[in-house]
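Enquirer: Below you will find the structure I want to go over with you.
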Amino acid sequence: IIRLLFSKTYKLQERSDLTLKEKEELIEEWQPEPLVPPVPKDHPALNYNIVSGPPTHIITVNGKECINFASFNFLGLLNNEKVKSAAQASLKKYGVGTCGPRGFYGTFDVHLELEERLAKFMRTEEAIIYSYGFATIASAIPAYSKRGDIVFVDEAACFAIQKGLQASRSNIKLFKHNDMADLERLLKEQETEDQKNPRKARVTRRFIVVEGLYMNTGDICPLPELIKLKYKYKVRIFLEESLSFGVLGEHGRGITEHFGINIDDIDLISANMENSLASIGGFCCGRSFIIDHQRLSGQGYCFSASLPPLLAAAAIEALNIMEDNPDIFQTLRAKCERIHKALQGISGLKVVGESFSPALHLQLEESCGSRENDVKLLKRVVDYCMNSGIALTQARYLEKEEKSLPPPSIRVVITVEQTEQELDKAASLLKEAAQSVLN
Amino acid sequence: MANPSAVCNGHLHHHHHHQKQNNLTKSGLSKKNGITKGMKKNGVSNGTLYKKTFIEHFEQAPMYVAVFTFVGFAVGTIFGYLRDFMRAWGLEKRNIAAEREQQKDFVPLYQDFENFYTRNLYLRIRDNWNRPICSVPGPQFDLMERVTDDYNWTFRFTGRIIKNVINMGSYNYLGFAETDVNALKTVTIELEKYGTGVCSTRQEMGTLDKHVELEKLVAKFLGVEDAMVFGMGFATNSMNIPALVGKGCLILSDELNHTSLVLGARLSGATIRIFKHNNMQSLEKLLRDAIIYGQPRTHRAWRKIIILVEGIYSMEGSIVRLPEIVSLKNKYKAYLYLDEAHSIGAVGATGRGVVEYFGMSPDDVDVLMGTFTKSFGAAGGYIAGKKDLVDFLRTHSHSAVYATSMCPPVAEQIIRAMKCLMGLDGTTQGLQRVRQLEKNTRYFRRKLHEMGFIIYGNDDSPVVPLLLYMPGKIGAFARRMLEKNIGVVVVGFPATPITESRARFCVSAAHTREMLDTVLNALDELGDFLHLKYSRYSKSSHPELYEESRLELED
C-alpha cells in the first residue's frame, strides 16, 4: 500500500502537456476574424436620410422640402412654442446636463415634479423616469423577472422588450400575435407543469408582457381578456404603452382608458416620452409597491446619468398641453380613420393596422420572392413619394436579431398637424407610386 | 532594471520621504510589520513603455479596521433579523408598501431575503443618496432640504433650500455644467430652432444635420477616421457590444468594469472571462490559454478575442495600463475596446483621454468609446474608430435601428464644449480648463495623502476614493459633511466590496483653490473626529508636532 501511495500517478490526459514550442506555434498560427465584416456600399441602411432643420410638419430631407409622414410626432408638440419656452427657462436655470446618476446629486426638482405629474396624469401611485426610451422597458423587465421565472410574451413585441427579456435570463414563451386562445393553451400547460412540482411553482413568478399599440403591426391587444386570464392563472401583466400613450383613450391615458379598465389591474405600465410627448426618455408607472423596486435595481436608472432637465421641463409642459386640450385626441383619431379609409384599395399594397392607429404599415400584397427585392421595390415607392413632396420611410429592423421578423413595409405616421388636403394628397400620391412602380 | 527603479525612487522621494526605509522588491510589494502595502509602479517588465512614472496606491488598512467592519455589519444584520421578526409578528409597524388585496395569492413578487439588505442596512443611511438639487450642478449647488419623521421610511421637503453647497460629487470634470448666458448662446439658438425631441430613429428619419456635424467633430477631436453618436452612454455599451461580438467569440473583461459593459457582454452571447483588475500577468495568461486551448470542450479556435477595459475606473480611480495592454494585444492579435467614460476630457495634455495621456496613437485602440455626460456637461455616448467599424455600426447597431437619436440642443452643447477644448472658438479656455483640472487633482490628492487618509488610485486621476471601511462611518461622514455645507458621495456594499466602503470625490476644473481648501479643512476635522486617518505612511502637514527629527529620512 505504501508503495502505491508513493508511486507516481499517471496523468490521464496527455493533451495538457504541450511543449512550450508547440504553444508558441499555436499562438503564431491563430488568425482571428476581422473585427467587423465589410459592409457593401449599397447596403440599404448605410446612407441615412439627412434632415436639415427640425423634423416638424414640413421637413427638409436631403435638401427637398416634404410633408412629414415619418416622425412619430403624433400630437405635433415638437414645434410648440410653449414647450420650447419651458425648455429655454430650464436651460437658463440648470444648464444642459445633469452630470451624475440619480443617486449621486443627479436628481433635480424637475425630475421629481415630472414623476409626480405623470403619476397624477395616469392616476397611479408613483412613476419613475428613465433617460432613454429604449432603456426603459429593457431595464424594467430584468428588475423583476430573474432566471427561472416565466414570461409569456407576444410574438410581435418590439425589440426593446426582446432585449429586456434576454437580459433577464428567464424562460420565455411566445404566443401568437393577439391570439388569446394560444396564450390560454400555454397557461394551461404551465399549470399542469406546476402541479407536478408545487414547491417550485410557489416561487416562480409569472408575467405577461404585451404592448398597448404594437409598433410592428399597428393593432391593439385585447386587454379585457388579458385581465380575465390574469386573475384566472395568477400572472402579472406588464404593459408597454409607447405608442398608445397620448393617443388612445378619451384623455390620452392609453389603452386602459380606451377599454375602461381600472389601472390598478395592470401591474406595470411602461412608456416612452419620445412619441407623443416629443421629448426624450421614458417612464414606468404603477403602484409604489412595484415601482419603488426599480429605484435600486433598474440598471438603466441606477447606473446612468439622469434625464437632462430641459427635456424634463419640456415633458412637463407637454403634459400641461395634453391636459388642457383633450380634444386633440379626437382630432387625431378622426384623421387616422380618414387616411385609413383613403389608403384602402391601393393595388399592390395593403394597409396593416387598426383604423384608429396613427402608425400604419403598408406591406406588399404579394412578395416578389426574396426580402431584398421587396425592400428594393418599396424603396422605389418611397423615393417616388419623396420626390413629390411626401416624406415616408421604410420600417427598419435588424434582420438577424429579431425573433419574428415582420415583412418589409412602409411606415405611415399620422399627426395632428396634417391637414385634410395633405392627407388626401398623400393617399393619392401613394396610389400613383404603387401604380407606376408595382405594375 | 536598476535604472527605472532608481528613477522611481528618486521621484517618490520627492513626495514620500519614508519610502527609503522600505525594502522595495522588484515586484513592488513590501512587507512592514506584517502589513502589506501594495505600491504598483512601472518597470515590471518593460521600463521603457511608460513615458512618465505610473504611480498607483492601493494601501490596505490595518487589521483592526477589517475586524471592526465585520463586527459592524454583523451587528446590523442581527438587528435586521430582530426587526424582521418583530414586523412579521406584528410587534412593529410595517412601513413599506404592500401588495394589493386582490393579488395576495399570486406568487410573491419579491423574495423576502432579496430585500433584507435594502430594508435593514441601506434604509438606515438612505438619506445620503438621491439628494435632490435645484440649481446647475456646477462647483456649488443648492440642495433641497429633506427631513424624515420616521427614520428614513419617508421623506418630506421642508421647502427650505441649502444654498452654495460645495459639490464634490457630480461628474463635472471640466466645469462645462454652467449657466453662463454667453457660453450657452448657441445652445439657446439651436433649442429655439429645433425643439427638444426627434421622434424617430437614426435609420428612419432621425438623422439631423446636427448629428453629422457632431460626428465629424468627434472624429477630428479624437484623431480617428469616423465616429458615431448615440443618445445615452449606458445604452452605447449595451447595444453595440452585441453588434460587434457574438457566439463563438471571447470577451476578456476587467474585474471592475461598469455595469453597462457587463450587460453588453452578457447580451452578446459570447464567452466572458474576467482578469484581475489592471493585472497584466492575469490577462496574458488568459490570452495564451484562450489561443492555445480554443473554445471549451470543442477546442475550435475562437472567432475573435476582444478585451474590454475602461480608461479610468470610477470606483477605484485607477487608470488602465494602456501601453502594456496594447503590446499584449498586438502580440496575440486580439481587439481592444476602450471605454473612456470618465477619462475623455479629464486626462491627457489636451484632454483627449488616456490615449494621449500615455502618448500613444488612437490607431492602437480598435474601438474608442466614451460618454459626453461627464466632461462635456451633456448626455450621450460615442464610438469612434476606423471607417469600416463605424459603417458597420451604422447598419447593425441596435441603437441605430430602434432607439431615438440624440436631441439637438444636447448635441449643440457637446459641439460647443468640444470646440472650446480644441481651441476652435478662438480662446484658450479649453486648455486652461484642462490645466486647472490637473492642478486641482494633484493638489487635492497630495493634501489628502499628507493628512493621512487612505486614498486609492492613480495620482493623475480626478476621481478620488477615500476609504471609510466601517458601515457606521458612511452615514456619519456624509451627514456631517452636509452640515458643513459640502456635498459628498459615499458608496457602500453592492457597488464596492463589502469591507471597502468609501467616499468618492470628483475634482472639477471649476473648483477654486478656496473651495478645495474648505473641503480639505473640513476633511481634516472630520478625519480626526471619526478616526478616519488610517494610513500609516503619511507625512503630516504640521511638522512641528513631530518630536523625532526627520533628518534621517532626508538625503
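Lettering and numbering for the C-alpha cells are positional, with chains as A, B, ... in the shown order, residues counted from 1 in each chain, and ligands counted from 1 in the shown order.
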Which residues of chain A sit at most 6 Å from chain B, using only C-alpha atoms? Give each one's shortest atom pair and distance in Å (one decimal place), in chain and ascending residue order, as CSV.
Expert:
```
residue,atom,partner,partner_atom,distance
A:Leu26,CA,B:Ile292,CA,5.9
A:Pro32,CA,B:Lys304,CA,5.1
A:Glu33,CA,B:Arg303,CA,5.7
A:Ala45,CA,B:Thr395,CA,5.5
A:Leu46,CA,B:Thr395,CA,5.6
A:Tyr48,CA,B:Gln203,CA,5.9
A:Ile50,CA,B:Thr207,CA,5.3
A:Val51,CA,B:Leu208,CA,4.6
A:Ser52,CA,B:Asp209,CA,5.2
A:Pro54,CA,B:Tyr194,CA,4.4
A:Ser71,CA,B:Ser200,CA,5.3
A:Phe72,CA,B:Cys199,CA,5.0
A:Asn73,CA,B:Cys199,CA,6.0
A:Leu78,CA,B:Gly195,CA,5.9
A:Asn79,CA,B:Gly195,CA,5.8
A:Lys84,CA,B:Gly195,CA,6.0
A:Lys92,CA,B:Thr179,CA,5.8
A:Tyr94,CA,B:Val136,CA,4.1
A:Gly95,CA,B:Thr179,CA,5.0
A:Val96,CA,B:Ala378,CA,5.7
A:Gly97,CA,B:Ala378,CA,4.1
A:Cys99,CA,B:Tyr171,CA,4.9
A:Gly100,CA,B:Ser170,CA,5.4
A:Arg102,CA,B:Asn130,CA,5.9
A:Gly103,CA,B:Asn130,CA,4.2
A:Tyr105,CA,B:Arg131,CA,5.7
A:Thr107,CA,B:Pro132,CA,4.7
A:Phe108,CA,B:Ile133,CA,5.0
A:Asp109,CA,B:Cys134,CA,5.7
A:Phe134,CA,B:Ala403,CA,5.7
A:Arg205,CA,B:Val107,CA,5.7
A:Lys234,CA,B:Phe106,CA,5.5
A:Glu274,CA,B:Cys199,CA,5.5
A:Asn275,CA,B:Cys199,CA,5.6
A:Ala278,CA,B:Gly197,CA,4.9
A:Ser279,CA,B:Gly197,CA,4.5
A:Phe289,CA,B:Ala97,CA,5.0
A:Ser304,CA,B:Phe234,CA,5.9
A:Thr393,CA,B:Glu204,CA,5.9
```
Enquirer: At most 7 Å is the cut-off: for each residue in stretch 109-223 of chain A with any atom that close to an atom of stretch 238-245 of chain A, write down the nearest atom pair and the distance in Å rounded to one decimal, counting only C-alpha atoms, chain first then increasing number, as CSV.
Expert:
```
residue,atom,partner,partner_atom,distance
A:Ile208,CA,A:Phe238,CA,6.1
A:Val209,CA,A:Phe238,CA,4.8
A:Val210,CA,A:Leu239,CA,5.3
A:Glu211,CA,A:Glu240,CA,4.4
A:Gly212,CA,A:Glu241,CA,4.9
A:Leu213,CA,A:Ser244,CA,5.4
```
Enquirer: According to DSSP computed on the backbone, where in stretch 117-342 of chain B is there alpha helix (DSSP H)? Give the residues as an NGL selection string.
Expert: :B and (185-194 or 209-222 or 233-244 or 259-268 or 280-293 or 322-332)
Enquirer: Within 6 Å of stretch 433-444 of chain B, counting only C-alpha atoms, which residues qualify if same-chain residues fewer than 3 places away don't, as JSON, numbers by chain?
Expert: {"B": [174, 430, 447, 462, 508, 509]}
Enquirer: Nearest to B:Arg504 among B:Gly472, B:Gly457, B:Pro323, B:Gly527, with distances taken over only C-alpha atoms: which residue is it?
Expert: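 When distances to B:Arg504 are compared using only C-alpha atoms, the smallest one comes from B:Gly457.
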Enquirer: Which of these, A:Ala314, A:Ile390, A:Leu75, A:Leu226, has the shortest distance to A:Thr331 once you count only C-alpha atoms?
Expert: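 Selected residue with least distance to A:Thr331: A:Leu75.
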Enquirer: Taking into account only C-alpha atoms, which residue in the set A:Ile129, A:Leu118, A:Met322, A:Leu296 is nearest to A:Val83?
Expert: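 Counting only C-alpha atoms, the residue closest to A:Val83 is A:Met322.
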Enquirer: I'd like the neighbourhood of B:Asn120 as a list in words, where a residue qualifies if any of its atoms comes within 7 Å (using only C-alpha atoms), though same-chain residues fewer than 4 positions away should be ignored.
Expert: Gly80, Phe116 and Arg124 of chain B
Enquirer: Determine the nearest neighbour of A:Pro308 from the options A:Lys82, A:His43, A:Arg333, A:Lys93, counting only C-alpha atoms.
Expert: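 Of A:Lys82, A:His43, A:Arg333, A:Lys93, the one nearest A:Pro308 is A:Lys93, counting only C-alpha atoms.
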Enquirer: When you look at stretch 55-58 of chain A with a cut-off of 6 Å (counting only C-alpha atoms), what residues show up, excluding the ones that are within fewer than 3 positions of it in the same chain? I need them as a PyMOL selection string.
Expert: chain A and resi 66-68
Enquirer: Need to verify the contact set: stretch 184-186 of chain A, 12 Å, only C-alpha atoms, exclusion of same-chain residues closer than 6 positions in sequence. Can you return it as a PDB file with C-alpha atoms, in the first residue's frame?
Expert:
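Done, and the output landed in out_23.pdb:
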```
ATOM      1  CA  ILE A 150     -41.609  32.527 -16.767  1.00  0.00           C
ATOM      2  CA  VAL A 151     -42.612  35.267 -19.154  1.00  0.00           C
ATOM      3  CA  PHE A 152     -45.357  34.951 -21.771  1.00  0.00           C
ATOM      4  CA  VAL A 153     -44.770  37.479 -24.485  1.00  0.00           C
ATOM      5  CA  ASP A 154     -46.473  38.286 -27.741  1.00  0.00           C
ATOM      6  CA  ILE A 172     -39.697  32.935 -22.473  1.00  0.00           C
ATOM      7  CA  LYS A 173     -42.810  31.557 -24.048  1.00  0.00           C
ATOM      8  CA  LEU A 174     -44.070  33.222 -27.188  1.00  0.00           C
ATOM      9  CA  PHE A 175     -47.709  33.175 -28.094  1.00  0.00           C
ATOM     10  CA  LYS A 176     -49.172  34.050 -31.466  1.00  0.00           C
ATOM     11  CA  ASN A 178     -53.108  38.733 -30.236  1.00  0.00           C
ATOM     12  CA  THR A 192     -50.118  21.165 -15.404  1.00  0.00           C
ATOM     13  CA  GLU A 193     -46.359  21.547 -15.034  1.00  0.00           C
ATOM     14  CA  ILE A 208     -47.280  38.529 -19.410  1.00  0.00           C
ATOM     15  CA  GLU A 225     -59.483  39.178 -21.905  1.00  0.00           C
ATOM     16  CA  LEU A 226     -55.960  39.504 -20.617  1.00  0.00           C
ATOM     17  CA  LYS A 228     -59.519  37.751 -17.044  1.00  0.00           C
ATOM     18  CA  LEU A 229     -56.639  35.428 -17.780  1.00  0.00           C
ATOM     19  CA  LYS A 230     -54.523  37.266 -15.240  1.00  0.00           C
ATOM     20  CA  LYS A 232     -57.593  33.030 -13.514  1.00  0.00           C
ATOM     21  CA  TYR A 233     -53.992  31.873 -13.806  1.00  0.00           C
ATOM     22  CA  VAL A 235     -49.957  36.022 -13.766  1.00  0.00           C
TER      23      VAL A 235
END
```
Enquirer: Mind checking which residues fall within 10 Å of A:Gln162, counting only C-alpha atoms, ignoring those fewer than 2 positions away in the same chain, and posting them as a ChimeraX atom specification?
Expert: /A:137-138,141,153,155-160,164-168,172,401-403
Enquirer: Only all heavy atoms, please: the residues just picked out, written as a short mmCIF file (atom, residue, chain, number, x, y, z; two decimals), in the first residue's frame.
Expert:
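Result went into out-v7.cif, see below:
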```
data_model
loop_
_atom_site.label_atom_id
_atom_site.label_comp_id
_atom_site.auth_asym_id
_atom_site.auth_seq_id
_atom_site.Cartn_x
_atom_site.Cartn_y
_atom_site.Cartn_z
N ILE A 137 -38.00 49.98 -20.96
CA ILE A 137 -38.55 48.64 -20.79
C ILE A 137 -37.42 47.62 -20.71
O ILE A 137 -37.56 46.58 -20.05
CB ILE A 137 -39.55 48.32 -21.92
CG1 ILE A 137 -40.30 47.04 -21.63
CG2 ILE A 137 -38.86 48.23 -23.25
CD1 ILE A 137 -41.29 47.17 -20.53
N ALA A 138 -36.27 47.92 -21.31
CA ALA A 138 -35.18 46.96 -21.26
C ALA A 138 -34.56 46.88 -19.88
O ALA A 138 -33.85 45.93 -19.58
CB ALA A 138 -34.11 47.32 -22.29
N ILE A 141 -37.92 45.12 -17.17
CA ILE A 141 -38.23 43.69 -17.13
C ILE A 141 -37.19 42.92 -16.32
O ILE A 141 -37.56 42.15 -15.44
CB ILE A 141 -38.36 43.12 -18.56
CG1 ILE A 141 -39.54 43.78 -19.25
CG2 ILE A 141 -38.56 41.64 -18.52
CD1 ILE A 141 -39.80 43.25 -20.62
N VAL A 153 -44.86 36.23 -23.75
CA VAL A 153 -44.77 37.48 -24.48
C VAL A 153 -45.33 37.28 -25.89
O VAL A 153 -45.25 36.19 -26.45
CB VAL A 153 -43.32 37.99 -24.48
CG1 VAL A 153 -42.42 37.06 -25.25
CG2 VAL A 153 -43.21 39.37 -25.01
N GLU A 155 -45.68 37.56 -29.89
CA GLU A 155 -44.66 37.39 -30.93
C GLU A 155 -44.20 38.69 -31.52
O GLU A 155 -43.05 38.84 -31.91
CB GLU A 155 -45.26 36.57 -32.08
CG GLU A 155 -44.86 35.13 -32.03
CD GLU A 155 -45.48 34.38 -33.19
OE1 GLU A 155 -46.26 34.97 -33.95
OE2 GLU A 155 -45.18 33.21 -33.31
N ALA A 156 -45.13 39.63 -31.64
CA ALA A 156 -44.80 40.88 -32.32
C ALA A 156 -44.26 41.93 -31.37
O ALA A 156 -44.33 43.11 -31.65
CB ALA A 156 -46.04 41.43 -33.03
N ALA A 157 -43.71 41.51 -30.26
CA ALA A 157 -43.18 42.50 -29.30
C ALA A 157 -42.00 43.23 -29.91
O ALA A 157 -41.25 42.65 -30.68
CB ALA A 157 -42.76 41.79 -28.02
N CYS A 158 -41.81 44.47 -29.51
CA CYS A 158 -40.76 45.25 -30.15
C CYS A 158 -39.39 44.85 -29.61
O CYS A 158 -39.28 44.11 -28.64
CB CYS A 158 -41.01 46.74 -29.94
SG CYS A 158 -40.76 47.27 -28.27
N PHE A 159 -38.37 45.35 -30.25
CA PHE A 159 -37.02 44.90 -29.98
C PHE A 159 -36.58 45.21 -28.56
O PHE A 159 -35.86 44.42 -27.95
CB PHE A 159 -36.07 45.57 -30.98
CG PHE A 159 -34.72 44.95 -31.04
CD1 PHE A 159 -34.55 43.70 -31.57
CD2 PHE A 159 -33.62 45.61 -30.56
CE1 PHE A 159 -33.31 43.12 -31.64
CE2 PHE A 159 -32.37 45.04 -30.61
CZ PHE A 159 -32.22 43.79 -31.15
N ALA A 160 -37.01 46.34 -28.03
CA ALA A 160 -36.59 46.69 -26.67
C ALA A 160 -37.08 45.65 -25.67
O ALA A 160 -36.36 45.26 -24.75
CB ALA A 160 -37.13 48.07 -26.30
N GLY A 164 -34.87 43.27 -23.22
CA GLY A 164 -35.11 43.18 -21.78
C GLY A 164 -35.27 41.74 -21.35
O GLY A 164 -34.75 41.32 -20.32
N LEU A 165 -35.97 40.96 -22.16
CA LEU A 165 -36.16 39.56 -21.82
C LEU A 165 -34.85 38.80 -21.88
O LEU A 165 -34.57 37.94 -21.05
CB LEU A 165 -37.16 38.92 -22.78
CG LEU A 165 -38.58 39.44 -22.64
CD1 LEU A 165 -39.43 38.94 -23.77
CD2 LEU A 165 -39.16 39.01 -21.33
N GLN A 166 -34.03 39.15 -22.87
CA GLN A 166 -32.76 38.46 -22.97
C GLN A 166 -31.89 38.76 -21.76
O GLN A 166 -31.21 37.89 -21.23
CB GLN A 166 -32.05 38.90 -24.25
CG GLN A 166 -30.94 38.00 -24.64
CD GLN A 166 -30.19 38.54 -25.85
OE1 GLN A 166 -30.64 39.47 -26.50
NE2 GLN A 166 -29.07 37.94 -26.12
N ALA A 167 -31.93 40.02 -21.30
CA ALA A 167 -31.10 40.38 -20.15
C ALA A 167 -31.61 39.72 -18.88
O ALA A 167 -30.85 39.56 -17.93
CB ALA A 167 -31.07 41.89 -19.97
N SER A 168 -32.89 39.36 -18.85
CA SER A 168 -33.42 38.83 -17.60
C SER A 168 -33.16 37.34 -17.45
O SER A 168 -33.29 36.80 -16.37
CB SER A 168 -34.92 39.08 -17.52
OG SER A 168 -35.58 38.20 -18.39
N ILE A 172 -38.80 32.11 -21.67
CA ILE A 172 -39.70 32.93 -22.47
C ILE A 172 -40.60 32.05 -23.28
O ILE A 172 -40.14 31.11 -23.92
CB ILE A 172 -38.89 33.82 -23.41
CG1 ILE A 172 -37.94 34.63 -22.57
CG2 ILE A 172 -39.78 34.72 -24.21
CD1 ILE A 172 -37.08 35.49 -23.34
N GLU A 401 -31.46 39.74 -35.87
CA GLU A 401 -31.61 39.67 -34.43
C GLU A 401 -33.06 39.52 -33.97
O GLU A 401 -33.31 39.12 -32.85
CB GLU A 401 -31.08 40.96 -33.80
CG GLU A 401 -29.71 41.32 -34.26
CD GLU A 401 -28.67 40.76 -33.34
OE1 GLU A 401 -29.03 40.42 -32.22
OE2 GLU A 401 -27.52 40.67 -33.76
N GLU A 402 -34.00 39.86 -34.81
CA GLU A 402 -35.39 39.83 -34.37
C GLU A 402 -35.87 38.40 -34.24
O GLU A 402 -35.53 37.54 -35.03
CB GLU A 402 -36.26 40.54 -35.42
CG GLU A 402 -36.16 42.03 -35.38
CD GLU A 402 -37.35 42.66 -34.70
OE1 GLU A 402 -38.11 41.91 -34.06
OE2 GLU A 402 -37.50 43.85 -34.82
N LYS A 403 -36.75 38.20 -33.26
CA LYS A 403 -37.24 36.84 -33.08
C LYS A 403 -38.23 36.47 -34.18
O LYS A 403 -38.20 35.37 -34.71
CB LYS A 403 -37.95 36.74 -31.73
CG LYS A 403 -36.98 36.58 -30.60
CD LYS A 403 -37.50 35.60 -29.58
CE LYS A 403 -36.47 35.36 -28.50
NZ LYS A 403 -36.39 36.42 -27.53
#
```
Enquirer: Which of these, B:Arg83, B:Ala510, B:Gly223, B:Ile498, has the shortest distance to B:Ser361 once you count only C-alpha atoms?
Expert: B:Gly223
Enquirer: List every residue of stretch 389-436 of chain A that DSSP, applied to the backbone of this structure, assigns to strand (DSSP E or B), and report them as a ChimeraX atom specification.
Expert: /A:390-391,393-394,409-413
Enquirer: Go ahead and write the selection's residues with N, CA and C atoms as a PDB file, in the first residue's frame.
Expert:
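Result file is selection09.pdb:
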```pdb
ATOM      1  N   ILE A 390     -43.767  64.088 -50.274  1.00  0.00           N
ATOM      2  CA  ILE A 390     -44.277  63.432 -49.066  1.00  0.00           C
ATOM      3  C   ILE A 390     -43.123  62.612 -48.510  1.00  0.00           C
ATOM      4  N   ALA A 391     -42.755  62.872 -47.274  1.00  0.00           N
ATOM      5  CA  ALA A 391     -41.626  62.150 -46.686  1.00  0.00           C
ATOM      6  C   ALA A 391     -42.131  60.891 -46.021  1.00  0.00           C
ATOM      7  N   THR A 393     -40.883  56.661 -44.846  1.00  0.00           N
ATOM      8  CA  THR A 393     -39.711  55.849 -44.596  1.00  0.00           C
ATOM      9  C   THR A 393     -40.118  54.396 -44.522  1.00  0.00           C
ATOM     10  N   GLN A 394     -39.145  53.516 -44.737  1.00  0.00           N
ATOM     11  CA  GLN A 394     -39.438  52.102 -44.547  1.00  0.00           C
ATOM     12  C   GLN A 394     -39.229  51.768 -43.091  1.00  0.00           C
ATOM     13  N   SER A 409     -42.054  46.855 -44.959  1.00  0.00           N
ATOM     14  CA  SER A 409     -43.236  47.689 -45.098  1.00  0.00           C
ATOM     15  C   SER A 409     -42.832  49.149 -45.095  1.00  0.00           C
ATOM     16  N   ILE A 410     -43.760  49.977 -45.484  1.00  0.00           N
ATOM     17  CA  ILE A 410     -43.561  51.420 -45.414  1.00  0.00           C
ATOM     18  C   ILE A 410     -44.327  51.909 -44.196  1.00  0.00           C
ATOM     19  N   ARG A 411     -43.692  52.803 -43.459  1.00  0.00           N
ATOM     20  CA  ARG A 411     -44.350  53.302 -42.254  1.00  0.00           C
ATOM     21  C   ARG A 411     -45.047  54.604 -42.577  1.00  0.00           C
ATOM     22  N   VAL A 412     -46.310  54.687 -42.223  1.00  0.00           N
ATOM     23  CA  VAL A 412     -47.060  55.926 -42.427  1.00  0.00           C
ATOM     24  C   VAL A 412     -47.486  56.427 -41.057  1.00  0.00           C
ATOM     25  N   VAL A 413     -47.122  57.654 -40.724  1.00  0.00           N
ATOM     26  CA  VAL A 413     -47.425  58.193 -39.402  1.00  0.00           C
ATOM     27  C   VAL A 413     -48.333  59.392 -39.559  1.00  0.00           C
TER      28      VAL A 413
END
```
